[in-house]
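What follows is a single structure, written as structure tokens, with notes after it.
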Amino acid sequence: MPLDPRDDEAVTQAYRIRRASASATVADLPPRGRREVAAGIRQPMPGQQVRALLAVVGGTPVGFATLHLPMLDNTGNAELDIAVHPDHLRRGVGRALHGYAVRLARELGRKRIVGEVVSGLPDGPPRDPAGSAFAAAMGATAVLDEVRRRLDVGTVDWPALDAAYAAGRRRAAGYSTICWAGLTEPGHLADIAYLNSRLMADAPIGDLVWEQENIDVTRQEAEERLLVDRGRRLYSAAARDDATGRLVGFTRIMFAATDAWHAYQQITLVDPEHRGHRLGAAVKIDNLRYTLTHEPELCVVDTWNATDNEQMISINELLGYRPLDIWQAWQLTL
């Protein structure tokens, strides 16, 4: 049934289901806090709408799903996330939520549903293959593989990293790095918005049907403010072209509101006209150092890369990221 965002008890039940499901699926990732789950239901990211569903059996909430609906671009797509309480798996709860979401997506004129499941790697921690089996049974097709890599901050080889950084800097004459915490200052928003909007054009996306997003200054600023309002802590670094003052490379590390030990390495992107100067590696190294000065309790950082994104994988492995598991996007054509 639809979940009323104004119903505090229903939102709390959704949070509990999601937390239990996440702890059973990927126990090494910190679960989202109630504040963040509630915000995701009540205040979707700019340019999106969200429909939340709650599955109830015998008066007990047992499943939770969200259908995210892009409204500014990719308006034929919907993103579906399903969580079932571990005590109620393999009883048809996921199928019921999926069926409801498919009907709703069709009613709203969507042509595709995209979801994500986790699988194990041969040398990684065990992962339940049920997610992939469920997606296939629902008629979806695997369209993109991304490997999650983890950096153990305590094992970073700083002397080796310093040497690689110095060698790269010799190829980056005419560029400098700026770092900041929190919101991007207004004078840099246009450059960051442009770089963010290039992500889907530049990063490998396999067979996923997803068009380049149109991110302007207004949208970039609104997205950052919403993240900060949810308690997220943002640490960013950018490569500046000293001749023009423009920011031509960008990377960001983000913390959830409740976590000090764990962070997410997010976008890293360099303007195509400025590639070949090792700017991607430089800003990532600078930003890691900058983040650690503000977050000394940080222990691990997780990041995701498409399996064929060789350039970014090489940079991440230079920093010390190592593979953990694989996150597979599945796409269902309606």
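Naming scheme: A, B, ... for chains in displayed order of the structure tokens; residues 1 onward per chain; ligands 1 onward as shown.
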
How close does segment 67-94 of chain A get to segment 125-135 of chain A? List, as CSV, each residue of segment 67-94 of chain A within 12 Å, its nearest atom pair and the distance in Å to one decimal, counting only C-alpha atoms.
```
residue,atom,partner,partner_atom,distance
A:Leu80,CA,A:Ala135,CA,11.2
A:Asp81,CA,A:Gly131,CA,11.4
A:Ile82,CA,A:Gly131,CA,10.1
A:Ala83,CA,A:Gly131,CA,10.6
A:Val84,CA,A:Gly131,CA,11.2
A:Pro86,CA,A:Asp128,CA,12.0
A:Leu89,CA,A:Ala130,CA,10.0
A:Arg90,CA,A:Ala130,CA,9.4
A:Gly92,CA,A:Phe134,CA,10.8
A:Val93,CA,A:Phe134,CA,11.6
A:Gly94,CA,A:Phe134,CA,8.5
```

message: Report as a list in words all protein, DNA and RNA residues lying within 10 Å of Pro30 of chain A, evaluated on only C-alpha atoms, omitting residues in the same chain fewer than 6 positions from it.
response: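 Those residues are Arg19, Ala22, Ser23, Ala256, Thr258, Asp259, Trp261, His262 and Ala263 of chain A.
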
Write down as a short mmCIF file (atom, residue, chain, number, x, y, z; two decimals) with N, CA, C and O atoms, in the first residue's frame the residues belonging to segment 92-217 of chain A that are assigned strand (DSSP E) by DSSP computed on the backbone.
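And here's part29.cif as it stands now:
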```cif
data_model
loop_
_atom_site.label_atom_id
_atom_site.label_comp_id
_atom_site.auth_asym_id
_atom_site.auth_seq_id
_atom_site.Cartn_x
_atom_site.Cartn_y
_atom_site.Cartn_z
N ARG A 112 10.72 2.39 -18.28
CA ARG A 112 11.74 1.48 -17.74
C ARG A 112 11.82 1.64 -16.22
O ARG A 112 11.63 2.73 -15.69
N ILE A 113 12.15 0.53 -15.57
CA ILE A 113 12.47 0.54 -14.14
C ILE A 113 13.89 0.03 -13.98
O ILE A 113 14.28 -0.99 -14.58
N VAL A 114 14.66 0.73 -13.16
CA VAL A 114 16.05 0.35 -12.90
C VAL A 114 16.20 0.07 -11.41
O VAL A 114 15.71 0.83 -10.57
N GLY A 115 16.84 -1.04 -11.09
CA GLY A 115 17.13 -1.39 -9.70
C GLY A 115 18.54 -1.92 -9.58
O GLY A 115 19.23 -2.11 -10.59
N GLU A 116 18.98 -2.16 -8.36
CA GLU A 116 20.36 -2.57 -8.12
C GLU A 116 20.40 -3.69 -7.09
O GLU A 116 19.66 -3.66 -6.11
N VAL A 117 21.28 -4.67 -7.33
CA VAL A 117 21.47 -5.77 -6.39
C VAL A 117 22.96 -6.00 -6.18
O VAL A 117 23.78 -5.58 -6.99
N VAL A 118 23.29 -6.66 -5.07
CA VAL A 118 24.67 -6.91 -4.70
C VAL A 118 25.01 -8.37 -4.91
O VAL A 118 24.22 -9.25 -4.56
N SER A 119 26.19 -8.63 -5.48
CA SER A 119 26.69 -10.00 -5.66
C SER A 119 28.11 -10.09 -5.13
O SER A 119 28.79 -9.07 -4.98
N GLY A 120 28.54 -11.30 -4.87
CA GLY A 120 29.88 -11.50 -4.34
C GLY A 120 30.93 -11.60 -5.43
O GLY A 120 30.64 -11.91 -6.59
N THR A 141 16.84 -7.24 -16.97
CA THR A 141 18.10 -7.61 -17.61
C THR A 141 19.25 -6.88 -16.94
O THR A 141 19.15 -5.68 -16.66
N ALA A 142 20.34 -7.61 -16.68
CA ALA A 142 21.53 -6.97 -16.11
C ALA A 142 22.17 -6.07 -17.16
O ALA A 142 22.46 -6.51 -18.27
N VAL A 143 22.39 -4.78 -16.79
CA VAL A 143 22.86 -3.82 -17.79
C VAL A 143 24.17 -3.13 -17.41
O VAL A 143 24.81 -2.53 -18.28
N LEU A 144 24.56 -3.19 -16.14
CA LEU A 144 25.79 -2.49 -15.74
C LEU A 144 26.34 -3.12 -14.48
O LEU A 144 25.63 -3.28 -13.48
N ASP A 145 27.63 -3.46 -14.52
CA ASP A 145 28.33 -3.99 -13.35
C ASP A 145 29.27 -2.93 -12.79
O ASP A 145 30.10 -2.38 -13.52
N GLU A 146 29.14 -2.66 -11.50
CA GLU A 146 30.05 -1.76 -10.81
C GLU A 146 30.66 -2.49 -9.63
O GLU A 146 29.95 -3.16 -8.87
N VAL A 147 31.96 -2.37 -9.47
CA VAL A 147 32.64 -3.00 -8.35
C VAL A 147 32.81 -1.97 -7.23
O VAL A 147 33.25 -0.85 -7.47
N ARG A 148 32.43 -2.38 -6.03
CA ARG A 148 32.70 -1.53 -4.87
C ARG A 148 34.10 -1.83 -4.37
O ARG A 148 34.46 -2.98 -4.13
N ARG A 149 34.88 -0.78 -4.24
CA ARG A 149 36.22 -0.88 -3.69
C ARG A 149 36.28 -0.11 -2.39
O ARG A 149 35.61 0.92 -2.23
N ARG A 150 37.09 -0.60 -1.47
CA ARG A 150 37.21 0.02 -0.15
C ARG A 150 38.65 0.41 0.12
O ARG A 150 39.58 -0.36 -0.14
N LEU A 151 38.80 1.61 0.65
CA LEU A 151 40.11 2.09 1.10
C LEU A 151 40.17 2.00 2.61
O LEU A 151 39.36 2.62 3.32
N ASP A 152 41.12 1.23 3.11
CA ASP A 152 41.42 1.19 4.55
C ASP A 152 42.44 2.29 4.80
O ASP A 152 43.60 2.18 4.42
N TYR A 175 48.06 24.34 -13.20
CA TYR A 175 46.85 23.98 -12.47
C TYR A 175 47.16 23.98 -10.98
O TYR A 175 48.26 23.63 -10.56
N SER A 176 46.17 24.33 -10.19
CA SER A 176 46.30 24.27 -8.73
C SER A 176 45.04 23.64 -8.16
O SER A 176 44.02 23.53 -8.85
N THR A 177 45.12 23.20 -6.90
CA THR A 177 43.98 22.55 -6.25
C THR A 177 43.40 23.46 -5.18
O THR A 177 44.14 24.07 -4.41
N ILE A 178 42.07 23.53 -5.15
CA ILE A 178 41.39 24.18 -4.05
C ILE A 178 40.50 23.15 -3.37
O ILE A 178 39.95 22.26 -4.02
N CYS A 179 40.37 23.25 -2.05
CA CYS A 179 39.56 22.33 -1.27
C CYS A 179 38.57 23.12 -0.43
O CYS A 179 38.85 24.25 -0.02
N TRP A 180 37.42 22.51 -0.16
CA TRP A 180 36.44 23.16 0.71
C TRP A 180 35.54 22.13 1.38
O TRP A 180 35.37 21.01 0.90
N ALA A 181 34.98 22.53 2.51
CA ALA A 181 34.04 21.70 3.25
C ALA A 181 32.64 22.30 3.11
O ALA A 181 32.48 23.53 3.11
#
```

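The coordinates place atom CA of Leu208 of chain A at 7.8 Å from atom CA of Ala329 of chain A.
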
message: Show me, as an MDAnalysis selection string, the residues that have an atom within 8 Å of Leu54 of chain A when counting only C-alpha atoms, minus same-chain residues fewer than 2 positions from it.
response: chainID A and resid 1:3 10 14 52 56 61:65 97

Could you save the residues just selected, with N, CA and C atoms, as a PDB file, in the first residue's frame?
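What follows is the written file selection.pdb:
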```pdb
ATOM      1  N   MET A   1       0.849  -1.188   0.000  1.00  0.00           N
ATOM      2  CA  MET A   1       0.000   0.000   0.000  1.00  0.00           C
ATOM      3  C   MET A   1       0.883   1.235   0.000  1.00  0.00           C
ATOM      4  N   PRO A   2       0.364   2.372  -0.490  1.00  0.00           N
ATOM      5  CA  PRO A   2       1.170   3.595  -0.450  1.00  0.00           C
ATOM      6  C   PRO A   2       1.480   3.995   0.990  1.00  0.00           C
ATOM      7  N   LEU A   3       2.670   4.510   1.179  1.00  0.00           N
ATOM      8  CA  LEU A   3       3.087   4.989   2.492  1.00  0.00           C
ATOM      9  C   LEU A   3       2.847   6.498   2.536  1.00  0.00           C
ATOM     10  N   ALA A  10       4.513   5.007  10.274  1.00  0.00           N
ATOM     11  CA  ALA A  10       4.800   4.263   9.039  1.00  0.00           C
ATOM     12  C   ALA A  10       6.228   4.526   8.581  1.00  0.00           C
ATOM     13  N   ALA A  14       9.206   1.818   8.125  1.00  0.00           N
ATOM     14  CA  ALA A  14       9.991   1.710   6.894  1.00  0.00           C
ATOM     15  C   ALA A  14      11.481   1.751   7.207  1.00  0.00           C
ATOM     16  N   ALA A  52       6.505   6.091  -2.020  1.00  0.00           N
ATOM     17  CA  ALA A  52       6.935   5.072  -1.058  1.00  0.00           C
ATOM     18  C   ALA A  52       5.818   4.071  -0.831  1.00  0.00           C
ATOM     19  N   VAL A  56       2.298  -4.782   4.308  1.00  0.00           N
ATOM     20  CA  VAL A  56       1.837  -5.153   5.639  1.00  0.00           C
ATOM     21  C   VAL A  56       1.170  -6.517   5.564  1.00  0.00           C
ATOM     22  N   PRO A  61       4.144  -4.486   9.414  1.00  0.00           N
ATOM     23  CA  PRO A  61       4.907  -4.038   8.243  1.00  0.00           C
ATOM     24  C   PRO A  61       6.110  -4.952   8.015  1.00  0.00           C
ATOM     25  N   VAL A  62       6.240  -5.469   6.793  1.00  0.00           N
ATOM     26  CA  VAL A  62       7.295  -6.445   6.507  1.00  0.00           C
ATOM     27  C   VAL A  62       8.153  -6.072   5.296  1.00  0.00           C
ATOM     28  N   GLY A  63       7.722  -5.078   4.534  1.00  0.00           N
ATOM     29  CA  GLY A  63       8.477  -4.687   3.344  1.00  0.00           C
ATOM     30  C   GLY A  63       8.297  -3.212   3.049  1.00  0.00           C
ATOM     31  N   PHE A  64       9.289  -2.645   2.383  1.00  0.00           N
ATOM     32  CA  PHE A  64       9.308  -1.210   2.099  1.00  0.00           C
ATOM     33  C   PHE A  64       9.936  -1.013   0.731  1.00  0.00           C
ATOM     34  N   ALA A  65       9.373  -0.133  -0.065  1.00  0.00           N
ATOM     35  CA  ALA A  65       9.931   0.151  -1.386  1.00  0.00           C
ATOM     36  C   ALA A  65       9.784   1.632  -1.699  1.00  0.00           C
ATOM     37  N   LEU A  97       5.510  -6.075  -3.740  1.00  0.00           N
ATOM     38  CA  LEU A  97       5.981  -4.697  -3.848  1.00  0.00           C
ATOM     39  C   LEU A  97       6.400  -4.377  -5.288  1.00  0.00           C
TER      40      LEU A  97
END
```

- prompt: So what do you get for atom CA of Ala201 of chain A versus atom CA of Thr307 of chain A, distance-wise?
  reply: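 Interatomic distance here is 16.4 Å.
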
message: With only C-alpha atoms as the counted atoms, please give the residues lying no more than 8 Å from segment 271-281 of chain A, apart from itself and same-chain residues fewer than 3 positions off, as an NGL selection string.
response: :A and (165 or 168-169 or 171-172 or 195 or 239 or 248-251 or 268 or 284-285 or 315)

- prompt: Residues at most 9 Å from Glu223 of chain A, counting only C-alpha atoms, excluding those fewer than 5 positions away in the same chain, as a PyMOL selection string?
  reply: chain A and resi 45-46+218+228

With C-alpha atoms kept, could you save the residues just selected as a tab-separated table (two decimals), in the first residue's frame?
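result.tsv written:
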```tsv
chain	number	residue	atom	x	y	z
A	45	MET	CA	16.35	15.33	-4.36
A	46	PRO	CA	15.64	18.35	-6.60
A	218	THR	CA	20.09	26.26	-9.40
A	228	VAL	CA	23.65	19.27	4.09
```

field: Two-atom distance - atom CA of Ile205 of chain A, atom CA of Ala306 of chain A (Å)
entry: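 Atom-to-atom, atom CA of Ile205 of chain A to atom CA of Ala306 of chain A, that is 7.2 Å.
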
message: Nearest residue to Ile17 of chain A out of A:Asn287, A:Gln49, A:Thr60, A:Thr303, using only C-alpha atoms?
response: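 Checking each candidate against Ile17 of chain A, we get A:Thr60 as the closest.
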
Pick from A:Asp73, A:Asp28, A:Glu295, A:Asp202, whichever lies nearest to Gly124 of chain A using only C-alpha atoms: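 Result for the nearest residue to Gly124 of chain A: A:Asp28.
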